[in-house]
file start11.pdb (PDB, C-alpha atoms)
ATOM      1  CA  MET A   1     -38.752  -5.704  22.421
ATOM      2  CA  LEU A   2     -35.494  -6.688  20.661
ATOM      3  CA  ASN A   3     -33.274  -9.455  21.963
ATOM      4  CA  ILE A   4     -30.107 -10.508  20.139
ATOM      5  CA  LYS A   5     -28.053 -13.465  21.360
ATOM      6  CA  ASN A   6     -24.668 -14.533  19.971
ATOM      7  CA  LEU A   7     -25.289 -13.052  16.532
ATOM      8  CA  GLU A   8     -22.679 -13.960  13.939
ATOM      9  CA  ALA A   9     -22.648 -12.722  10.361
ATOM     10  CA  LYS A  10     -20.360 -13.148   7.407
ATOM     11  CA  VAL A  11     -20.228 -12.175   3.744
ATOM     12  CA  ASP A  12     -18.069 -14.054   1.217
ATOM     13  CA  ASN A  13     -16.560 -16.037   4.105
ATOM     14  CA  LYS A  14     -15.500 -12.822   5.850
ATOM     15  CA  HIS A  15     -16.741 -12.643   9.425
ATOM     16  CA  ILE A  16     -18.242  -9.260  10.328
ATOM     17  CA  LEU A  17     -20.267  -9.914  13.483
ATOM     18  CA  ASN A  18     -18.756 -12.260  16.062
ATOM     19  CA  GLY A  19     -21.132 -13.122  18.886
ATOM     20  CA  LEU A  20     -23.015  -9.858  19.324
ATOM     21  CA  ASN A  21     -25.486  -9.576  22.215
ATOM     22  CA  LEU A  22     -27.996  -6.739  22.661
ATOM     23  CA  ASN A  23     -31.285  -6.240  24.493
ATOM     24  CA  ILE A  24     -33.549  -3.240  23.828
ATOM     25  CA  LYS A  25     -36.712  -2.580  25.849
ATOM     26  CA  PRO A  26     -39.638  -0.292  24.979
ATOM     27  CA  GLY A  27     -38.958   3.337  25.831
ATOM     28  CA  GLU A  28     -35.177   3.005  25.512
ATOM     29  CA  VAL A  29     -32.696   4.779  23.259
ATOM     30  CA  HIS A  30     -29.541   2.823  22.464
ATOM     31  CA  ALA A  31     -26.572   4.189  20.546
ATOM     32  CA  ILE A  32     -23.886   2.100  18.888
ATOM     33  CA  MET A  33     -20.518   3.692  18.219
ATOM     34  CA  GLY A  34     -17.344   2.197  16.841
ATOM     35  CA  PRO A  35     -14.616   2.476  14.229
ATOM     36  CA  ASN A  36     -15.139   1.892  10.517
ATOM     37  CA  GLY A  37     -15.547  -1.777   9.685
ATOM     38  CA  SER A  38     -16.682  -2.790  13.169
ATOM     39  CA  GLY A  39     -20.059  -4.069  11.918
ATOM     40  CA  LYS A  40     -22.434  -1.211  12.739
ATOM     41  CA  SER A  41     -24.168  -0.967   9.364
ATOM     42  CA  THR A  42     -24.120  -4.746   8.996
ATOM     43  CA  LEU A  43     -26.181  -4.998  12.177
ATOM     44  CA  ALA A  44     -28.685  -2.450  10.834
ATOM     45  CA  ASN A  45     -28.942  -4.279   7.505
ATOM     46  CA  ILE A  46     -29.528  -7.645   9.139
ATOM     47  CA  LEU A  47     -32.237  -6.283  11.425
ATOM     48  CA  SER A  48     -34.042  -4.711   8.478
ATOM     49  CA  GLY A  49     -33.874  -7.947   6.466
ATOM     50  CA  LYS A  50     -31.290  -7.174   3.799
ATOM     51  CA  ASN A  51     -30.187 -10.282   1.930
ATOM     52  CA  GLY A  52     -26.646 -11.476   1.360
ATOM     53  CA  TYR A  53     -25.545 -12.321   4.901
ATOM     54  CA  GLU A  54     -24.903 -15.741   6.399
ATOM     55  CA  THR A  55     -26.016 -15.537  10.013
ATOM     56  CA  LYS A  56     -26.082 -17.594  13.196
ATOM     57  CA  GLY A  57     -27.569 -16.799  16.574
ATOM     58  CA  GLU A  58     -30.939 -15.541  17.759
ATOM     59  CA  ILE A  59     -32.814 -12.338  16.927
ATOM     60  CA  ASN A  60     -36.221 -11.981  18.537
ATOM     61  CA  PHE A  61     -38.517  -9.004  18.063
ATOM     62  CA  ASP A  62     -41.623  -8.818  20.227
ATOM     63  CA  GLY A  63     -41.147 -12.509  20.969
ATOM     64  CA  GLN A  64     -40.965 -13.571  17.305
ATOM     65  CA  ASN A  65     -37.965 -15.000  15.484
ATOM     66  CA  LEU A  66     -36.948 -12.202  13.142
ATOM     67  CA  SER A  67     -35.159 -14.522  10.721
ATOM     68  CA  GLU A  68     -38.530 -16.007   9.769
ATOM     69  CA  LEU A  69     -39.808 -12.639   8.481
ATOM     70  CA  SER A  70     -39.227 -10.951   5.124
ATOM     71  CA  THR A  71     -38.173  -7.308   4.900
ATOM     72  CA  GLU A  72     -41.783  -6.285   4.205
ATOM     73  CA  GLU A  73     -43.095  -8.308   7.145
ATOM     74  CA  ARG A  74     -40.534  -6.700   9.456
ATOM     75  CA  ALA A  75     -41.722  -3.260   8.385
ATOM     76  CA  GLN A  76     -45.302  -4.309   9.019
ATOM     77  CA  LYS A  77     -44.312  -5.526  12.493
ATOM     78  CA  GLY A  78     -42.830  -2.115  13.248
ATOM     79  CA  ILE A  79     -39.138  -2.078  12.278
ATOM     80  CA  PHE A  80     -37.924   1.021  10.437
ATOM     81  CA  LEU A  81     -34.479   1.773   9.000
ATOM     82  CA  ALA A  82     -33.295   5.282   8.153
ATOM     83  CA  PHE A  83     -30.478   4.842   5.649
ATOM     84  CA  GLN A  84     -27.071   6.446   5.817
ATOM     85  CA  TYR A  85     -27.415   7.170   2.090
ATOM     86  CA  PRO A  86     -31.139   7.381   1.205
ATOM     87  CA  LEU A  87     -31.864   6.122  -2.287
ATOM     88  CA  GLU A  88     -33.176   8.267  -5.110
ATOM     89  CA  ILE A  89     -36.097   6.568  -6.881
ATOM     90  CA  PRO A  90     -36.876   8.305 -10.187
ATOM     91  CA  GLY A  91     -40.470   8.111 -11.305
ATOM     92  CA  VAL A  92     -41.892   7.545  -7.813
ATOM     93  CA  ASN A  93     -43.770  10.501  -6.336
ATOM     94  CA  THR A  94     -42.830  11.132  -2.700
ATOM     95  CA  ASN A  95     -46.424  11.549  -1.525
ATOM     96  CA  VAL A  96     -47.507   8.407  -3.352
ATOM     97  CA  PHE A  97     -44.610   6.489  -1.817
ATOM     98  CA  LEU A  98     -45.501   7.651   1.697
ATOM     99  CA  ARG A  99     -49.209   6.901   1.357
ATOM    100  CA  THR A 100     -48.621   3.484  -0.229
ATOM    101  CA  SER A 101     -46.156   2.558   2.530
ATOM    102  CA  LEU A 102     -48.495   3.676   5.299
ATOM    103  CA  ASN A 103     -51.557   1.950   3.878
ATOM    104  CA  SER A 104     -49.607  -1.248   3.266
ATOM    105  CA  ILE A 105     -48.719  -1.362   6.956
ATOM    106  CA  ARG A 106     -52.239  -0.431   8.056
ATOM    107  CA  LYS A 107     -53.717  -3.138   5.825
ATOM    108  CA  ALA A 108     -51.339  -5.761   7.251
ATOM    109  CA  ARG A 109     -52.517  -4.770  10.737
ATOM    110  CA  SER A 110     -56.203  -4.989   9.707
ATOM    111  CA  GLU A 111     -56.573  -1.225  10.086
ATOM    112  CA  LYS A 112     -58.568   1.008   7.775
ATOM    113  CA  GLU A 113     -56.506   2.550   4.992
ATOM    114  CA  LEU A 114     -56.294   6.352   4.906
ATOM    115  CA  ASP A 115     -58.125   8.160   2.126
ATOM    116  CA  THR A 116     -56.406  10.943   0.195
ATOM    117  CA  LEU A 117     -57.699  13.838   2.291
ATOM    118  CA  SER A 118     -56.855  12.168   5.609
ATOM    119  CA  PHE A 119     -53.378  11.324   4.372
ATOM    120  CA  LEU A 120     -52.697  14.844   3.064
ATOM    121  CA  LYS A 121     -53.761  16.292   6.423
ATOM    122  CA  LEU A 122     -51.380  13.919   8.213
ATOM    123  CA  VAL A 123     -48.421  14.557   5.923
ATOM    124  CA  LYS A 124     -48.949  18.322   6.084
ATOM    125  CA  GLU A 125     -48.840  18.223   9.877
ATOM    126  CA  LYS A 126     -45.725  16.028  10.060
ATOM    127  CA  SER A 127     -43.803  17.852   7.309
ATOM    128  CA  SER A 128     -44.504  21.187   9.016
ATOM    129  CA  GLU A 129     -42.971  19.837  12.240
ATOM    130  CA  LEU A 130     -39.763  19.055  10.336
ATOM    131  CA  GLY A 131     -39.646  22.256   8.314
ATOM    132  CA  ILE A 132     -40.152  20.385   5.028
ATOM    133  CA  ASP A 133     -41.590  22.430   2.183
ATOM    134  CA  GLU A 134     -44.689  20.649   0.899
ATOM    135  CA  LYS A 135     -43.596  21.167  -2.706
ATOM    136  CA  PHE A 136     -40.817  18.618  -2.132
ATOM    137  CA  LEU A 137     -43.434  15.973  -1.450
ATOM    138  CA  SER A 138     -44.814  16.276  -4.972
ATOM    139  CA  ARG A 139     -41.376  15.546  -6.460
ATOM    140  CA  GLN A 140     -39.760  12.220  -7.269
ATOM    141  CA  LEU A 141     -38.524  10.435  -4.155
ATOM    142  CA  ASN A 142     -35.219  12.026  -3.044
ATOM    143  CA  VAL A 143     -34.391  13.019  -6.639
ATOM    144  CA  GLY A 144     -32.578  16.351  -6.572
ATOM    145  CA  PHE A 145     -32.820  16.568  -2.785
ATOM    146  CA  SER A 146     -29.842  17.800  -0.796
ATOM    147  CA  GLY A 147     -28.311  15.484   1.791
ATOM    148  CA  GLY A 148     -30.137  17.273   4.592
ATOM    149  CA  GLU A 149     -33.462  17.135   2.741
ATOM    150  CA  LYS A 150     -33.062  13.392   2.207
ATOM    151  CA  LYS A 151     -32.398  12.822   5.903
ATOM    152  CA  LYS A 152     -35.372  14.957   6.942
ATOM    153  CA  ASN A 153     -37.491  12.967   4.484
ATOM    154  CA  GLU A 154     -36.383   9.774   6.247
ATOM    155  CA  ILE A 155     -37.508  11.180   9.603
ATOM    156  CA  LEU A 156     -40.795  12.234   7.999
ATOM    157  CA  GLN A 157     -41.313   8.630   6.897
ATOM    158  CA  MET A 158     -40.623   7.484  10.450
ATOM    159  CA  LYS A 159     -43.163   9.878  11.959
ATOM    160  CA  ILE A 160     -45.826   8.848   9.457
ATOM    161  CA  LEU A 161     -45.219   5.089   9.677
ATOM    162  CA  GLN A 162     -44.842   5.152  13.502
ATOM    163  CA  PRO A 163     -42.575   2.108  13.963
ATOM    164  CA  LYS A 164     -41.952   0.321  17.254
ATOM    165  CA  LEU A 165     -38.199   0.155  16.614
ATOM    166  CA  ALA A 166     -36.486   2.900  14.614
ATOM    167  CA  ILE A 167     -32.935   2.179  13.472
ATOM    168  CA  LEU A 168     -31.019   5.286  12.413
ATOM    169  CA  ASP A 169     -27.886   4.354  10.470
ATOM    170  CA  GLU A 170     -25.581   7.384  10.624
ATOM    171  CA  THR A 171     -28.459   9.766  10.004
ATOM    172  CA  ASP A 172     -26.233  12.624  11.161
ATOM    173  CA  SER A 173     -23.674  12.190   8.368
ATOM    174  CA  GLY A 174     -23.577  15.151   5.998
ATOM    175  CA  LEU A 175     -25.916  17.331   8.068
ATOM    176  CA  ASP A 176     -25.197  20.934   8.963
ATOM    177  CA  ILE A 177     -26.034  22.081  12.481
ATOM    178  CA  ASP A 178     -29.522  23.373  11.599
ATOM    179  CA  ALA A 179     -30.529  20.170   9.802
ATOM    180  CA  LEU A 180     -29.055  18.130  12.650
ATOM    181  CA  ARG A 181     -31.261  19.915  15.173
ATOM    182  CA  ILE A 182     -34.370  19.454  13.018
ATOM    183  CA  VAL A 183     -33.694  15.727  12.641
ATOM    184  CA  ALA A 184     -32.986  15.360  16.365
ATOM    185  CA  ASP A 185     -36.144  17.278  17.274
ATOM    186  CA  GLY A 186     -38.112  14.949  14.996
ATOM    187  CA  VAL A 187     -36.706  11.914  16.807
ATOM    188  CA  ASN A 188     -37.247  13.404  20.269
ATOM    189  CA  SER A 189     -40.850  14.318  19.497
ATOM    190  CA  TYR A 190     -41.562  10.723  18.475
ATOM    191  CA  LYS A 191     -39.966   9.050  21.502
ATOM    192  CA  ASN A 192     -42.407   7.476  23.952
ATOM    193  CA  LYS A 193     -42.637   4.552  26.361
ATOM    194  CA  TYR A 194     -43.907   2.202  23.667
ATOM    195  CA  ASN A 195     -41.192   2.581  21.018
ATOM    196  CA  ALA A 196     -37.409   2.340  20.981
ATOM    197  CA  PHE A 197     -34.440   3.642  19.008
ATOM    198  CA  LEU A 198     -31.162   2.138  17.864
ATOM    199  CA  ILE A 199     -28.891   4.974  16.762
ATOM    200  CA  ILE A 200     -25.713   4.154  14.856
ATOM    201  CA  THR A 201     -23.222   6.999  14.746
ATOM    202  CA  HIS A 202     -19.531   7.859  14.640
ATOM    203  CA  TYR A 203     -19.859  11.125  16.520
ATOM    204  CA  GLN A 204     -21.026  12.489  19.835
ATOM    205  CA  ARG A 205     -22.658  15.550  18.273
ATOM    206  CA  LEU A 206     -25.952  13.767  17.476
ATOM    207  CA  LEU A 207     -26.060  12.416  21.027
ATOM    208  CA  ASP A 208     -25.865  15.982  22.342
ATOM    209  CA  TYR A 209     -29.419  16.363  21.018
ATOM    210  CA  ILE A 210     -30.779  12.823  21.377
ATOM    211  CA  LYS A 211     -29.845  11.590  24.835
ATOM    212  CA  PRO A 212     -29.260   7.821  24.812
ATOM    213  CA  ASP A 213     -30.002   5.569  27.757
ATOM    214  CA  PHE A 214     -27.146   3.297  26.735
ATOM    215  CA  ILE A 215     -24.084   3.622  24.509
ATOM    216  CA  HIS A 216     -22.411   0.476  23.192
ATOM    217  CA  VAL A 217     -18.934   0.332  21.675
ATOM    218  CA  LEU A 218     -18.763  -2.124  18.778
ATOM    219  CA  SER A 219     -15.339  -3.455  17.823
ATOM    220  CA  LYS A 220     -14.444  -6.406  15.613
ATOM    221  CA  GLY A 221     -18.056  -7.503  15.415
ATOM    222  CA  LYS A 222     -19.015  -7.548  19.078
ATOM    223  CA  ILE A 223     -19.990  -5.115  21.815
ATOM    224  CA  VAL A 224     -16.922  -4.591  23.987
ATOM    225  CA  LYS A 225     -18.177  -1.873  26.329
ATOM    226  CA  THR A 226     -21.550  -0.455  27.424
ATOM    227  CA  GLY A 227     -22.143   2.735  29.370
ATOM    228  CA  ASN A 228     -24.423   5.716  29.790
ATOM    229  CA  ALA A 229     -24.384   8.998  27.858
ATOM    230  CA  GLU A 230     -21.039   9.949  29.384
ATOM    231  CA  LEU A 231     -19.341   7.171  27.422
ATOM    232  CA  GLY A 232     -19.950   9.107  24.205
ATOM    233  CA  VAL A 233     -18.197  12.157  25.637
ATOM    234  CA  GLU A 234     -15.260   9.960  26.662
ATOM    235  CA  LEU A 235     -15.000   8.440  23.182
ATOM    236  CA  GLU A 236     -15.021  11.887  21.599
ATOM    237  CA  LYS A 237     -11.906  12.709  23.620
ATOM    238  CA  THR A 238     -10.000   9.436  23.485
ATOM    239  CA  GLY A 239     -11.191   7.738  20.288
ATOM    240  CA  TYR A 240     -11.454   3.975  19.864
ATOM    241  CA  ALA A 241      -7.803   3.021  20.321
ATOM    242  CA  ASN A 242      -8.465   1.355  23.672
ATOM    243  CA  PHE A 243     -11.057  -0.904  22.105
ATOM    244  CA  THR A 244      -9.317  -1.961  18.891
TER     245      THR A 244
END
call {"tool": "encode", "arguments": {"input": "start11.pdb", "output": "C-alpha cells"}}
result
Amino acid sequence: MLNIKNLEAKVDNKHILNGLNLNIKPGEVHAIMGPNGSGKSTLANILSGKNGYETKGEINFDGQNLSELSTEERAQKGIFLAFQYPLEIPGVNTNVFLRTSLNSIRKARSEKELDTLSFLKLVKEKSSELGIDEKFLSRQLNVGFSGGEKKKNEILQMKILQPKLAILDETDSGLDIDALRIVADGVNSYKNKYNAFLIITHYQRLLDYIKPDFIHVLSKGKIVKTGNAELGVELEKTGYANFT
C-alpha cells in the first residue's frame, strides 16, 4: 500500500528526514515512536501533502507516485491525517464540513453523492459509536470543543470518510483515560484487512489499546529500530537514550 524509499526532507536548509524507509501493507498497524524533533510529524505532514518541505526519495501509494498528487487528490485516493492539534474553523458547520468532505471524495471516485437524509443517518450511527453528542455536530467545526471532543471528532471524520491509510499524529495527546479508550475503540472498530494505520505517538499507553503489528523507532530522521508490540513496552521503561 505505502512504500517509502530513502526519503529525505529539509526546511530552511535544515535536514529533518535522512533516508527514511518504510513499507506498510493492507491490514497492518504501524506505530512510530521517537524523541521530540526526530521527524515524526514531518513524516505525517509530507504524506498528507503539506507544502514547505524540500524532499528527495520515493513515496508510492497504491503504486502511484505520491509526490505527483495534491493534498486533495491524496485524500480522494484514501489518505487521512488526524492532527495532533485539530484546527478550529469558525463559520463552518461541522455537519456541513463532514458531508461536503464525504461527497467530494465520493464524486472523485465516480460514486453517487449522499443526500441529506442518508448522510444524517450515517453520521448519527458513527457519532453514537464514539459517544459524540449530536448537538456538537451542529456547531462550528471544533470551535469551543474540548481537546478530547476535537480528537473524537477527528476519529468520526475517519469513520465517515473510510480512508485506506489513516495517519494518527499524536492523537492521544491531551486525552484522559475515558476519551483515550473511546478513540482507541473507534480505531479498532475500523481496522480491517483492506486498510492500514500509521500511528505516531510518544507513549505506550495508546498502544495498550491499539495493538500495533510493528513499532519503529525514529531518531535523527531515520528509522533505527523496528520490533513488535513489545518494543513499545521496552521504550516505556528505558526511554530513547540508546537510540539518540
call {"tool": "resolve_selection", "arguments": {"input": "start11.pdb", "expression": "the PyMOL selection byres ((chain A and resi 132) around 12)", "output": "PyMOL selection string"}}
result
chain A and resi 123-131+133-138+145+148-157+179+182-183+186
call {"tool": "axis_aligned_box", "arguments": {"input": "start11.pdb", "around": "segment 119-129 of chain A", "padding_each_side": "8 Å", "output": "AutoDock Vina command-line options"}}
result
--center_x -48.4 --center_y 16.3 --center_z 7.7 --size_x 26.8 --size_y 25.9 --size_z 25.2
call {"tool": "atom_distance", "arguments": {"input": "start11.pdb", "atom1": "atom CA of Ile32 of chain A", "atom2": "atom CA of Ile215 of chain A"}}
result
5.8 Å
call {"tool": "closest_residue", "arguments": {"input": "start11.pdb", "among": "A:Lys5, A:Arg181, A:Lys159, A:Arg74", "to": "Asn18 of chain A", "atoms": "only C-alpha atoms"}}
result
A:Lys5
call {"tool": "resolve_selection", "arguments": {"input": "start11.pdb", "expression": "the PyMOL selection byres ((chain A and resi 232) around 12)", "output": "ChimeraX atom specification"}}
result
/A:30-34,201-208,210-217,225-231,233-240
call {"tool": "closest_residue", "arguments": {"input": "start11.pdb", "among": "A:Glu8, A:Glu68, A:Glu73, A:Glu88", "to": "Asn142 of chain A", "atoms": "only C-alpha atoms"}}
result
A:Glu88
call {"tool": "resolve_selection", "arguments": {"input": "start11.pdb", "expression": "the PyMOL selection byres ((chain A and resi 162-167) around 8)", "output": "MDAnalysis selection string"}}
result
chainID A and resid 44 75 77:82 158:161 168:169 194:200
call {"tool": "atom_distance", "arguments": {"input": "start11.pdb", "atom1": "atom CA of Gln140 of chain A", "atom2": "atom CA of Thr116 of chain A"}}
result
18.3 Å
call {"tool": "residues_around", "arguments": {"input": "start11.pdb", "residues": "segment 106-114 of chain A", "least_positions_apart": "5", "cutoff": "8 Å", "atoms": "only C-alpha atoms", "output": "ChimeraX atom specification"}}
result
/A:76,99,119
call {"tool": "atom_distance", "arguments": {"input": "start11.pdb", "atom1": "atom CA of Gly19 of chain A", "atom2": "atom CA of Ser173 of chain A"}}
result
27.5 Å
call {"tool": "closest_residue", "arguments": {"input": "start11.pdb", "among": "A:Ala184, A:Leu117, A:Leu87, A:Asn21", "to": "Val143 of chain A", "atoms": "only C-alpha atoms"}}
result
A:Leu87
call {"tool": "closest_residue", "arguments": {"input": "start11.pdb", "among": "A:Leu2, A:Leu20, A:Leu69, A:Leu141", "to": "Leu98 of chain A", "atoms": "all atoms listed in the file"}}
result
A:Leu141
call {"tool": "closest_residue", "arguments": {"input": "start11.pdb", "among": "A:Lys222, A:Lys14, A:Lys40, A:Lys25", "to": "Glu54 of chain A", "atoms": "all atoms listed in the file"}}
result
A:Lys14
